[in-house]
Structure formats: C-alpha cells, structure tokens
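A.B. asks: Data file data.txt (compact mmCIF, C-alpha atoms) is appended below.
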```
# COMPACT_ATOMS: atom_id res chain seq x y z
CA MET A 683 2.28 90.85 44.27
CA ALA A 684 -1.17 92.37 44.06
CA ASN A 685 -2.80 88.97 44.20
CA LYS A 686 -0.66 88.02 47.17
CA SER A 687 -1.69 91.14 49.07
CA SER A 688 -5.36 90.55 48.33
CA THR A 689 -5.16 86.96 49.47
CA SER A 690 -3.41 87.96 52.71
CA THR A 691 -6.07 90.55 53.55
CA LYS A 692 -8.95 88.14 52.99
CA PHE A 693 -7.09 85.46 54.92
CA ASP A 694 -6.40 87.59 58.01
CA ALA A 695 -9.82 89.18 58.44
CA PRO A 696 -11.69 86.01 59.44
CA LEU A 697 -8.83 85.08 61.78
CA SER A 698 -9.14 88.36 63.66
CA HIS A 699 -12.93 88.14 63.80
CA SER A 700 -12.87 84.54 65.06
CA THR A 701 -10.27 85.29 67.71
CA ASN A 702 -12.12 88.37 69.02
CA LYS A 703 -15.41 86.51 69.16
CA ALA A 704 -13.93 83.55 71.00
CA THR A 705 -12.07 85.85 73.40
CA HIS A 706 -15.30 87.75 74.13
CA ASN A 707 -17.11 84.49 74.87
CA ARG A 708 -14.28 83.37 77.12
CA ASP A 709 -14.43 86.64 79.11
CA GLN A 710 -18.19 86.32 79.49
CA PHE A 711 -17.90 82.71 80.68
CA PHE A 712 -15.24 83.67 83.18
CA VAL A 713 -17.76 85.85 85.03
CA TRP A 714 -20.32 83.07 85.26
CA ARG A 715 -17.59 80.72 86.36
CA GLU A 716 -17.04 82.93 89.43
CA PHE A 717 -20.76 82.77 90.22
CA VAL A 718 -20.56 78.97 90.31
CA TRP A 719 -17.38 78.89 92.43
CA GLY A 720 -18.88 81.42 94.84
CA ALA A 721 -22.10 79.45 95.27
CA ILE A 722 -20.23 76.22 96.02
CA ALA A 723 -17.83 77.94 98.42
CA GLY A 724 -20.63 79.81 100.23
CA ALA A 725 -22.66 76.65 100.80
CA PHE A 726 -19.54 74.78 101.94
CA GLY A 727 -18.64 77.42 104.52
CA GLU A 728 -22.19 77.64 105.88
CA GLY A 729 -22.56 73.88 106.16
CA MET A 730 -19.30 73.46 108.04
CA MET A 731 -19.91 76.27 110.55
CA HIS A 732 -23.68 76.13 111.08
CA PRO A 733 -23.50 74.75 114.68
CA ILE A 734 -21.48 77.79 115.83
CA ASP A 735 -23.95 80.10 114.11
CA THR A 736 -26.75 78.39 116.05
CA ILE A 737 -25.01 79.17 119.36
CA LYS A 738 -24.43 82.79 118.28
CA THR A 739 -28.10 83.24 117.32
CA ARG A 740 -29.36 81.77 120.60
CA ILE A 741 -27.04 83.95 122.69
CA GLN A 742 -28.14 87.11 120.88
CA SER A 743 -31.83 86.18 121.26
CA GLN A 744 -31.82 85.33 124.98
CA VAL A 745 -33.11 88.69 126.22
CA LEU A 746 -35.89 88.73 123.65
CA LEU A 747 -37.02 85.17 124.33
CA SER A 748 -36.62 84.84 128.09
CA GLY A 749 -37.05 88.47 129.15
CA SER A 750 -34.19 88.04 131.59
CA GLN A 751 -31.00 90.09 131.75
CA SER A 752 -29.16 87.08 133.19
CA GLN A 753 -27.49 85.61 130.15
CA LYS A 754 -25.92 82.22 129.53
CA SER A 755 -22.29 81.95 128.52
CA ILE A 756 -21.12 80.17 125.37
CA VAL A 757 -20.34 76.98 127.30
CA GLN A 758 -23.69 77.07 129.10
CA MET A 759 -25.55 77.60 125.82
CA VAL A 760 -23.73 74.68 124.18
CA GLN A 761 -24.71 72.50 127.13
CA THR A 762 -28.33 73.71 126.95
CA VAL A 763 -28.65 72.86 123.25
CA TRP A 764 -26.96 69.50 123.69
CA VAL A 765 -29.08 68.44 126.68
CA ALA A 766 -32.37 69.59 125.12
CA ASP A 767 -31.92 68.58 121.48
CA GLY A 768 -28.65 66.67 121.05
CA LEU A 769 -26.62 67.02 117.86
CA ARG A 770 -29.73 67.73 115.84
CA GLY A 771 -30.30 70.96 117.74
CA PHE A 772 -27.04 72.44 116.45
CA TYR A 773 -28.12 71.85 112.84
CA ARG A 774 -31.64 73.26 113.03
CA GLY A 775 -32.20 75.65 110.13
CA ILE A 776 -29.32 74.36 108.02
CA ALA A 777 -31.48 73.97 104.86
CA PRO A 778 -32.45 77.66 104.58
CA GLY A 779 -28.93 78.55 105.73
CA ILE A 780 -27.29 76.70 102.83
CA THR A 781 -29.90 77.97 100.36
CA GLY A 782 -29.22 81.57 101.34
CA SER A 783 -25.46 81.02 101.22
CA LEU A 784 -25.70 79.54 97.72
CA ALA A 785 -27.36 82.72 96.51
CA THR A 786 -25.23 85.27 98.33
CA GLY A 787 -22.01 83.33 97.63
CA ALA A 788 -22.76 83.35 93.92
CA THR A 789 -23.57 87.05 93.70
CA TYR A 790 -20.77 88.03 96.11
CA PHE A 791 -17.86 86.41 94.30
CA GLY A 792 -19.39 86.78 90.84
CA PHE A 793 -19.92 90.50 91.19
CA ILE A 794 -16.66 91.04 93.04
CA GLU A 795 -14.82 90.06 89.85
CA SER A 796 -17.10 91.74 87.31
CA THR A 797 -17.84 94.91 89.31
CA LYS A 798 -14.21 95.28 90.35
CA LYS A 799 -13.16 95.15 86.70
CA TRP A 800 -15.89 97.58 85.63
CA ILE A 801 -15.02 100.12 88.34
CA GLU A 802 -11.30 99.96 87.70
CA GLU A 803 -11.77 100.40 83.94
CA SER A 804 -14.60 102.96 83.94
CA HIS A 805 -13.74 104.86 87.13
CA PRO A 806 -9.99 104.57 87.76
CA ASN A 807 -10.20 107.10 90.60
CA LEU A 808 -12.08 104.44 92.57
CA GLY A 809 -9.45 101.80 91.85
CA GLY A 810 -7.66 99.81 94.52
CA HIS A 811 -9.26 99.06 97.86
CA TRP A 812 -12.30 101.28 97.27
CA ALA A 813 -13.11 99.25 94.16
CA HIS A 814 -12.91 96.08 96.26
CA PHE A 815 -15.21 97.54 98.93
CA ILE A 816 -17.85 98.63 96.41
CA ALA A 817 -17.67 95.32 94.51
CA GLY A 818 -18.25 93.30 97.68
CA ALA A 819 -21.08 95.57 98.80
CA VAL A 820 -22.87 95.39 95.44
CA GLY A 821 -22.55 91.61 95.21
CA ASP A 822 -23.89 91.04 98.72
CA THR A 823 -26.78 93.48 98.21
CA LEU A 824 -27.97 91.58 95.14
CA GLY A 825 -27.83 88.30 97.03
CA SER A 826 -29.92 89.75 99.88
CA PHE A 827 -33.21 89.25 97.99
CA VAL A 828 -32.84 85.49 98.48
CA TYR A 829 -30.61 85.53 101.54
CA VAL A 830 -32.86 87.56 103.90
CA PRO A 831 -35.98 85.32 103.76
CA CYS A 832 -33.68 82.31 104.21
CA GLU A 833 -32.00 84.02 107.15
CA VAL A 834 -35.36 84.72 108.82
CA MET A 835 -36.38 81.07 108.49
CA LYS A 836 -32.97 79.82 109.58
CA GLN A 837 -32.75 81.94 112.74
CA ARG A 838 -36.28 81.16 113.88
CA MET A 839 -35.62 77.45 113.44
CA GLN A 840 -32.31 77.80 115.30
CA VAL A 841 -33.89 79.34 118.40
CA GLN A 842 -36.70 76.78 118.39
CA GLY A 843 -34.54 73.68 118.59
CA SER A 844 -36.60 70.48 118.63
CA SER A 845 -40.38 70.43 118.87
CA ASN A 846 -40.18 69.02 122.39
CA SER A 847 -38.04 71.85 123.74
CA TRP A 848 -40.03 74.54 121.93
CA ASN A 849 -43.39 73.24 123.11
CA SER A 850 -42.37 72.31 126.63
CA ALA A 851 -44.16 73.88 129.57
CA ILE A 852 -41.03 75.78 130.58
CA MET A 853 -40.61 77.34 127.14
CA LYS A 854 -44.29 78.23 126.94
CA ASP A 855 -44.02 80.16 130.18
CA LYS A 856 -40.98 82.03 128.89
CA MET A 857 -42.05 82.67 125.30
CA GLN A 858 -44.31 85.54 126.24
CA MET A 859 -43.40 89.05 125.23
CA LYS A 860 -44.19 92.19 127.20
CA SER A 861 -47.09 92.90 124.89
CA GLY A 862 -48.59 89.51 125.76
CA ALA A 863 -48.32 88.31 122.17
CA GLU A 864 -47.25 84.72 121.78
CA MET A 865 -44.33 83.68 119.61
CA TYR A 866 -44.78 81.84 116.32
CA GLY A 867 -45.51 78.11 116.15
CA TYR A 868 -42.99 75.35 115.59
CA TYR A 869 -41.52 74.97 112.09
CA THR A 870 -41.01 71.41 110.84
CA GLY A 871 -38.88 72.42 107.88
CA MET A 872 -37.82 75.16 105.49
CA PHE A 873 -40.88 75.14 103.22
CA GLN A 874 -43.34 74.88 106.12
CA ALA A 875 -41.55 77.78 107.81
CA GLY A 876 -41.74 79.92 104.69
CA HIS A 877 -45.43 79.12 104.16
CA SER A 878 -46.25 79.78 107.82
CA ILE A 879 -44.46 83.13 107.91
CA TRP A 880 -46.08 84.16 104.61
CA LYS A 881 -49.54 83.19 105.89
CA GLU A 882 -49.18 84.96 109.24
CA GLN A 883 -47.14 88.04 108.31
CA GLY A 884 -46.94 88.15 104.53
CA LEU A 885 -43.95 89.52 102.63
CA LYS A 886 -43.13 91.78 105.55
CA GLY A 887 -42.52 88.74 107.76
CA LEU A 888 -40.22 87.03 105.27
CA TYR A 889 -38.22 90.23 104.86
CA ALA A 890 -38.21 91.13 108.56
CA GLY A 891 -35.08 93.06 109.38
CA TYR A 892 -34.23 93.51 105.69
CA TRP A 893 -32.78 96.99 106.06
CA SER A 894 -30.94 95.99 109.22
CA THR A 895 -29.51 93.03 107.29
CA LEU A 896 -28.27 95.37 104.57
CA ALA A 897 -26.94 97.74 107.23
CA ARG A 898 -24.89 94.84 108.60
CA ASP A 899 -23.97 92.93 105.45
CA VAL A 900 -23.10 95.77 103.07
CA PRO A 901 -20.31 97.14 105.28
CA PHE A 902 -19.30 93.60 106.30
CA ALA A 903 -19.07 92.36 102.71
CA GLY A 904 -17.21 95.47 101.60
CA LEU A 905 -14.81 95.35 104.54
CA MET A 906 -14.10 91.65 104.15
CA VAL A 907 -13.09 91.78 100.50
CA MET A 908 -11.19 95.02 101.11
CA PHE A 909 -9.27 93.46 104.01
CA TYR A 910 -8.68 90.31 101.96
CA GLU A 911 -7.29 92.15 98.94
CA ALA A 912 -5.20 94.44 101.18
CA LEU A 913 -3.74 91.45 103.02
CA LYS A 914 -3.00 89.76 99.68
CA ASP A 915 -1.16 92.86 98.48
CA LEU A 916 0.76 93.06 101.76
CA THR A 917 1.66 89.38 101.59
CA GLU A 918 2.83 89.68 97.98
CA LYS A 919 5.02 92.68 98.79
CA GLY A 920 6.51 90.83 101.75
CA ARG A 921 7.13 87.74 99.63
CA GLN A 922 8.86 89.73 96.90
CA LYS A 923 11.04 91.49 99.45
CA TRP A 924 11.95 88.64 101.80
CA ALA A 925 11.34 85.41 99.86
CA PRO A 926 11.10 86.05 96.10
CA ASN A 927 11.56 82.35 95.25
CA PHE A 928 8.90 81.16 97.68
CA HIS A 929 5.67 79.95 96.05
CA VAL A 930 2.45 80.60 97.96
CA ASP A 931 -0.35 78.10 97.36
CA GLY A 932 -3.56 79.96 96.48
CA SER A 933 -5.76 77.71 98.62
CA MET A 934 -3.57 78.13 101.69
CA GLU A 935 -3.42 81.89 101.13
CA GLY A 936 -7.20 82.00 100.89
CA LEU A 937 -7.52 79.95 104.09
CA ILE A 938 -5.30 82.24 106.20
CA LEU A 939 -6.07 85.65 104.72
CA GLY A 940 -9.78 84.91 104.30
CA GLY A 941 -10.01 83.94 107.97
CA LEU A 942 -8.30 87.12 109.12
CA ALA A 943 -10.44 89.31 106.86
CA GLY A 944 -13.63 87.64 108.06
CA GLY A 945 -12.67 87.95 111.73
CA PHE A 946 -11.85 91.67 111.53
CA SER A 947 -15.04 92.46 109.61
CA ALA A 948 -17.23 90.31 111.87
CA TYR A 949 -16.14 92.06 115.06
CA LEU A 950 -16.58 95.56 113.64
CA THR A 951 -20.15 94.80 112.50
CA THR A 952 -21.33 92.85 115.59
CA PRO A 953 -23.68 95.65 116.85
CA LEU A 954 -25.43 95.63 113.47
CA ASP A 955 -25.78 91.85 113.69
CA VAL A 956 -27.37 92.05 117.17
CA ILE A 957 -29.99 94.52 115.93
CA LYS A 958 -30.75 92.40 112.86
CA THR A 959 -31.12 89.20 114.88
CA ARG A 960 -33.49 90.77 117.42
CA LEU A 961 -35.71 92.17 114.67
CA GLN A 962 -35.90 88.87 112.79
CA VAL A 963 -36.48 86.64 115.80
CA GLN A 964 -39.21 88.71 117.50
CA GLY A 965 -41.95 87.50 115.15
CA SER A 966 -45.36 89.23 115.24
CA SER A 967 -44.77 90.69 118.70
CA THR A 968 -43.23 94.14 118.41
CA SER A 969 -40.62 94.48 121.11
CA TYR A 970 -38.71 96.69 118.68
CA ASN A 971 -40.37 99.04 116.23
CA GLY A 972 -37.72 99.22 113.56
CA TRP A 973 -33.95 99.49 113.34
CA LEU A 974 -33.43 102.76 115.22
CA ASP A 975 -35.84 101.77 117.98
CA ALA A 976 -34.01 98.47 118.45
CA MET A 977 -30.64 100.21 118.58
CA ASN A 978 -31.85 102.75 121.16
CA LYS A 979 -33.53 100.15 123.40
CA ILE A 980 -30.56 97.78 123.34
CA TRP A 981 -28.17 100.63 124.16
CA GLU A 982 -30.38 101.99 126.97
CA THR A 983 -31.08 98.65 128.66
CA GLU A 984 -27.90 96.68 127.94
CA GLY A 985 -25.26 99.24 126.99
CA ALA A 986 -22.15 98.46 124.94
CA LYS A 987 -22.13 94.91 126.28
CA GLY A 988 -25.53 94.32 124.73
CA MET A 989 -24.47 95.81 121.40
CA PHE A 990 -21.50 93.42 121.23
CA ARG A 991 -23.37 90.42 122.63
CA GLY A 992 -22.42 87.26 120.76
CA SER A 993 -19.26 88.84 119.32
CA ILE A 994 -17.06 85.90 120.37
CA PRO A 995 -19.18 83.18 118.73
CA ARG A 996 -19.71 85.51 115.76
CA ILE A 997 -15.94 85.88 115.29
CA THR A 998 -15.46 82.19 116.05
CA TRP A 999 -17.92 81.45 113.26
CA TYR A 1000 -16.64 83.93 110.69
CA ILE A 1001 -12.92 83.22 110.96
CA PRO A 1002 -13.19 79.55 109.90
CA ALA A 1003 -16.25 80.14 107.70
CA SER A 1004 -14.51 82.91 105.74
CA ALA A 1005 -11.29 80.91 105.68
CA LEU A 1006 -13.05 77.84 104.26
CA THR A 1007 -15.03 79.93 101.76
CA PHE A 1008 -12.03 81.80 100.35
CA MET A 1009 -9.98 78.59 100.37
CA ALA A 1010 -12.70 76.81 98.39
CA VAL A 1011 -12.92 79.64 95.85
CA GLU A 1012 -9.15 79.78 95.35
CA PHE A 1013 -9.02 75.97 95.08
CA LEU A 1014 -11.77 75.90 92.44
CA ARG A 1015 -10.04 78.68 90.51
CA GLU A 1016 -6.71 76.84 90.56
CA GLN A 1017 -8.18 73.46 89.68
CA PHE A 1018 -10.67 74.40 86.99
CA ASN A 1019 -9.91 77.86 85.60
CA LYS A 1020 -6.64 76.74 84.01
CA LYS A 1021 -8.29 73.71 82.38
CA LEU A 1022 -11.24 75.77 81.14
CA ASP A 1023 -8.89 78.44 79.76
CA GLU A 1024 -6.91 75.74 77.93
CA ASP A 1025 -10.15 74.35 76.44
CA ASN A 1026 -11.12 77.85 75.31
CA MET A 1027 -7.71 78.39 73.75
CA GLN A 1028 -8.08 75.11 71.82
CA GLU A 1029 -11.47 76.35 70.62
CA VAL A 1030 -9.89 79.63 69.49
CA THR A 1031 -7.15 77.72 67.64
CA SER A 1032 -9.69 75.44 66.00
CA LEU A 1033 -11.81 78.37 64.84
CA SER A 1034 -8.74 80.24 63.62
CA ILE A 1035 -7.57 77.30 61.48
CA GLU A 1036 -10.91 76.19 60.05
CA LYS A 1037 -12.21 79.61 59.06
CA PRO A 1038 -9.16 80.75 57.07
CA LYS A 1039 -9.12 77.45 55.15
CA SER A 1040 -12.59 78.13 53.81
CA SER A 1041 -11.68 81.74 53.05
CA PHE A 1042 -8.54 80.62 51.20
CA LYS A 1043 -10.61 78.27 49.03
CA GLU A 1044 -12.98 81.13 48.18
CA VAL A 1045 -10.09 83.40 47.23
CA THR A 1046 -8.57 80.65 45.00
CA LYS A 1047 -11.88 80.20 43.17
CA LEU A 1048 -12.10 83.96 42.59
CA GLU A 1049 -8.56 84.09 41.22
CA GLN A 1050 -9.29 81.21 38.84
```
Take the structure in the file and give it back as structure tokens.
C.D. replies:
Amino acid sequence: MANKSSTSTKFDAPLSHSTNKATHNRDQFFVWREFVWGAIAGAFGEGMMHPIDTIKTRIQSQVLLSGSQSQKSIVQMVQTVWVADGLRGFYRGIAPGITGSLATGATYFGFIESTKKWIEESHPNLGGHWAHFIAGAVGDTLGSFVYVPCEVMKQRMQVQGSSNSWNSAIMKDKMQMKSGAEMYGYYTGMFQAGHSIWKEQGLKGLYAGYWSTLARDVPFAGLMVMFYEALKDLTEKGRQKWAPNFHVDGSMEGLILGGLAGGFSAYLTTPLDVIKTRLQVQGSSTSYNGWLDAMNKIWETEGAKGMFRGSIPRITWYIPASALTFMAVEFLREQFNKKLDEDNMQEVTSLSIEKPKSSFKEVTKLEQ
C-alpha cells in the first residue's frame, strides 16, 4: 500500500505541472490571437469603406481649404471627386489608412480582451460596461502612436486628390490661407508623404492633432465596445426570453450589432472629429492654434452646424465599417479559435501522457 501511494504521488505531480504549463501557454496565445484577428479585421473595414471616408474628410476640410462658407453637399462632393480624379480619387491615401488600421485594430481588439479580463478580475467594482469602456479606450490609445501619423498622411492625400487637380490654377488660387502661407506640396505616396512632413515640420507635423485624435478616439472606442457589449447582452436576454432554441450566428451578430454600435458612437463624437480633421489638414499654416482655439473658432463662425459637419458621411462610413470589422473578428474567432483550442488540448494530452510514462519508469527503477 505504501509503495502504491508513493507511486501515485510521483505519477500525478508531473501531470499537474504539465497541464498547468500548457494551459498557461494557451491563455497567453489566446491574447495574441486577438491581436491578429483585430489587425486583419481593422484593415478589412478600412479598405472597404475608404471612399466614404475620403468624402467625409473633404467635406470637413472645405472651409479650411477654400475659405468659403458655401459648402458642397455629399452628392456634389462625390461628383467633384469623380469629375476631377475618377475612381482613383476616392482611394487616395488608402495605404496609410490600412497601415494605421492594422495597428489600431490589433491593439483595440487585443487589449479589449486582455484588459477586460484584468479589470474584471482585479477590480470587480469596474466590471460590466465600465470595464468594456476602459478596455476599448486603452487599446485605442496604444494604437494611436502608429495610427495618428498614418491618419495625417491619409487625410492630406485624400484632400489633394490627383496631382492635376491639386496643382491646377484653380486650386492654387484657393489653397491660400488667411496668413498667406501656402499649403504643403503634392504627395506621391505614403513614404514620400511621411518624409516630406518630417522634413518640413518634424515630429510635430506627423503627430499634428494628436491630442485631438485622442480626444475623439478614446471616447469613441470606449463607447463603441460598450454599446456593442450592451447590445449583445440585450440580444442574449431577448433570445433567452422569446426564442431560447434560436441559434444566433456570431458573424451575423457582429455585423448588425457592430454597425449599430459604430453608428451611435460616430454621431456622438462628430464634433471631436471635425476639430481633429481641421488641425491635421491645415499643414504649416496656423488657422487654428490648438484644440481649444479650433473648437472656439468653429463654434463662433459656423455654430452647431459646423461642429457636426460631415456627420452623415461619418455615420455612413462607421456603420458598415464597424459592422464589417466586428463581423470579421467574430468570423475569425469562430473559424480558427475552436481549431486552435483543439490543437492545444491535443498538446496538453500528449504532454500529460508522455511525462507520466517517464516518471513511472523512474519510480519502477527506484523500487527495484
């Protein structure tokens, strides 16, 4: 009996150690898995909706570029871009746009999962929707170090259009600011844009409107994931009450609820987006001297209408973009997480079987 007890103890210890180690590795990999899914989903959403973002950026920049209070409508702006630059004009700036979305998508969804878990376990009083808000805000803030320079390059390339339209005599007459300073030169691509901005304005130019970007994106990111999780909870409660046997596809749920969450959040943060866009597009000419100055001048000269300028194309962009992004994330989770978890479980089983065998042989030798 004594020998049997000793053998059992030595047999079980490696099993527990192997299982805990494999489980720890699986949990760690799960976090990085979310970073990958988020990056893919973010780039996918940006690529699909970039033309609408171009229209939104041009509408918000009209006053700054033309100096006229007479603004073009969405339809008129679409016609202007199409006539001047064709299809290519709608996709100007897509390279830095996708690059920035890769970074912010990775940190956003990666840190939503890890930070959410950390907050709920370490600070249960912040659990629930507040945990979701903080997780989204933290993830987006970390992505801003890459996203903001990409956003500056993207928006300047969007308002430029083709080289012909940017350098035309009409545009030259209009691209003069009140200070008399001329706008930046034409950017042929992402790397040339980055080099040109760095050469002319340094790090300050690449991070133009950084704090205004955080002022817009931190509440937006927090609100979007909070709305999304709240809508998921509401949907689940409704399903359990009215249709308990009805199965909801994760991708379809992400498409619908992600779109709604993105639309609500986009509208509420439109004034912050207008300020950010004006600061980033103005270049070396200082029409606005910082975030507060931009907010005051826009409010004084354009009122509430100016603060919410571009809200329709912004919402039109964010509803499908958020829908596609959340759909892509849920799809990747459904398609790959299960398979990866099964592979990890097979690894755990393999470790659990092989290790005890060696331990059993050692115990047998000792007994002999």
A.B. asks: Write out as a Markdown table a residue-level contact list of region 806-842 of chain A versus region 790-795 of chain A with cut-off 6 Å: for each qualifying residue the closest pair of atoms and the distance in Å to one decimal, counting only C-alpha atoms, rows sorted by chain and residue number upward.
C.D. replies:
```
| residue | atom | partner | partner_atom | distance |
| --- | --- | --- | --- | --- |
| A:Ala817 | CA | A:Ile794 | CA | 4.6 |
| A:Gly818 | CA | A:Ile794 | CA | 5.4 |
| A:Gly821 | CA | A:Tyr790 | CA | 4.1 |
| A:Asp822 | CA | A:Tyr790 | CA | 5.1 |
```
A.B. asks: If you take only C-alpha atoms and a cut-off of 9 Å, which residues of region 888-935 of chain A touch region 967-988 of chain A, and what are their nearest atom pairs and distances in Å to one decimal, in chain and number order, as JSON lines?
C.D. replies:
```
{"residue": "A:Gly891", "atom": "CA", "partner": "A:Trp973", "partner_atom": "CA", "distance": 7.6}
{"residue": "A:Trp893", "atom": "CA", "partner": "A:Trp973", "partner_atom": "CA", "distance": 7.8}
{"residue": "A:Ser894", "atom": "CA", "partner": "A:Trp973", "partner_atom": "CA", "distance": 6.2}
```
A.B. asks: Nearest to Gln962 (chain A): which of A:Ile879, A:Leu896, A:Val907, A:Ala890 is it, counting only C-alpha atoms?
C.D. replies: A:Ala890
A.B. asks: Would you mind listing what lies within 12 Å of Thr789 (chain A) as a VMD selection string, with all atoms listed in the file counted and same-chain residues fewer than 5 positions away left out?
C.D. replies: chain A and resid 713 to 724 782 to 784 794 to 797 817 to 829 903
A.B. asks: Can you tell me, as AutoDock Vina command-line options, the centre and edge lengths (Å, one decimal) of the axis-aligned box enclosing all of region 993-1005 of chain A's listed atoms after padding each side by 8 Å?
C.D. replies:
```
--center_x -15.5 --center_y 84.2 --center_z 113.0 --size_x 24.4 --size_y 25.3 --size_z 30.7
```
A.B. asks: Hey, which of A:Gly871, A:Gly944, A:Pro831, A:Gly843 ends up closest to Arg770 (chain A)? Count only C-alpha atoms.
C.D. replies: A:Gly843
A.B. asks: Can you work out which one of A:Leu1006, A:Ala875, A:His732, A:Glu1012 has the shortest atom-to-atom distance to Val930 (chain A), counting only C-alpha atoms?
C.D. replies: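 The shortest atom-to-atom distance to Val930 (chain A) comes from A:Glu1012.
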A.B. asks: Find, counting all atoms listed in the file, the residue in A:Gln758, A:Gln922, A:Thr895, A:Thr781 that gets nearest to Met872 (chain A).
C.D. replies: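 Comparing A:Gln758, A:Gln922, A:Thr895, A:Thr781 against Met872 (chain A), the winner is A:Thr781.
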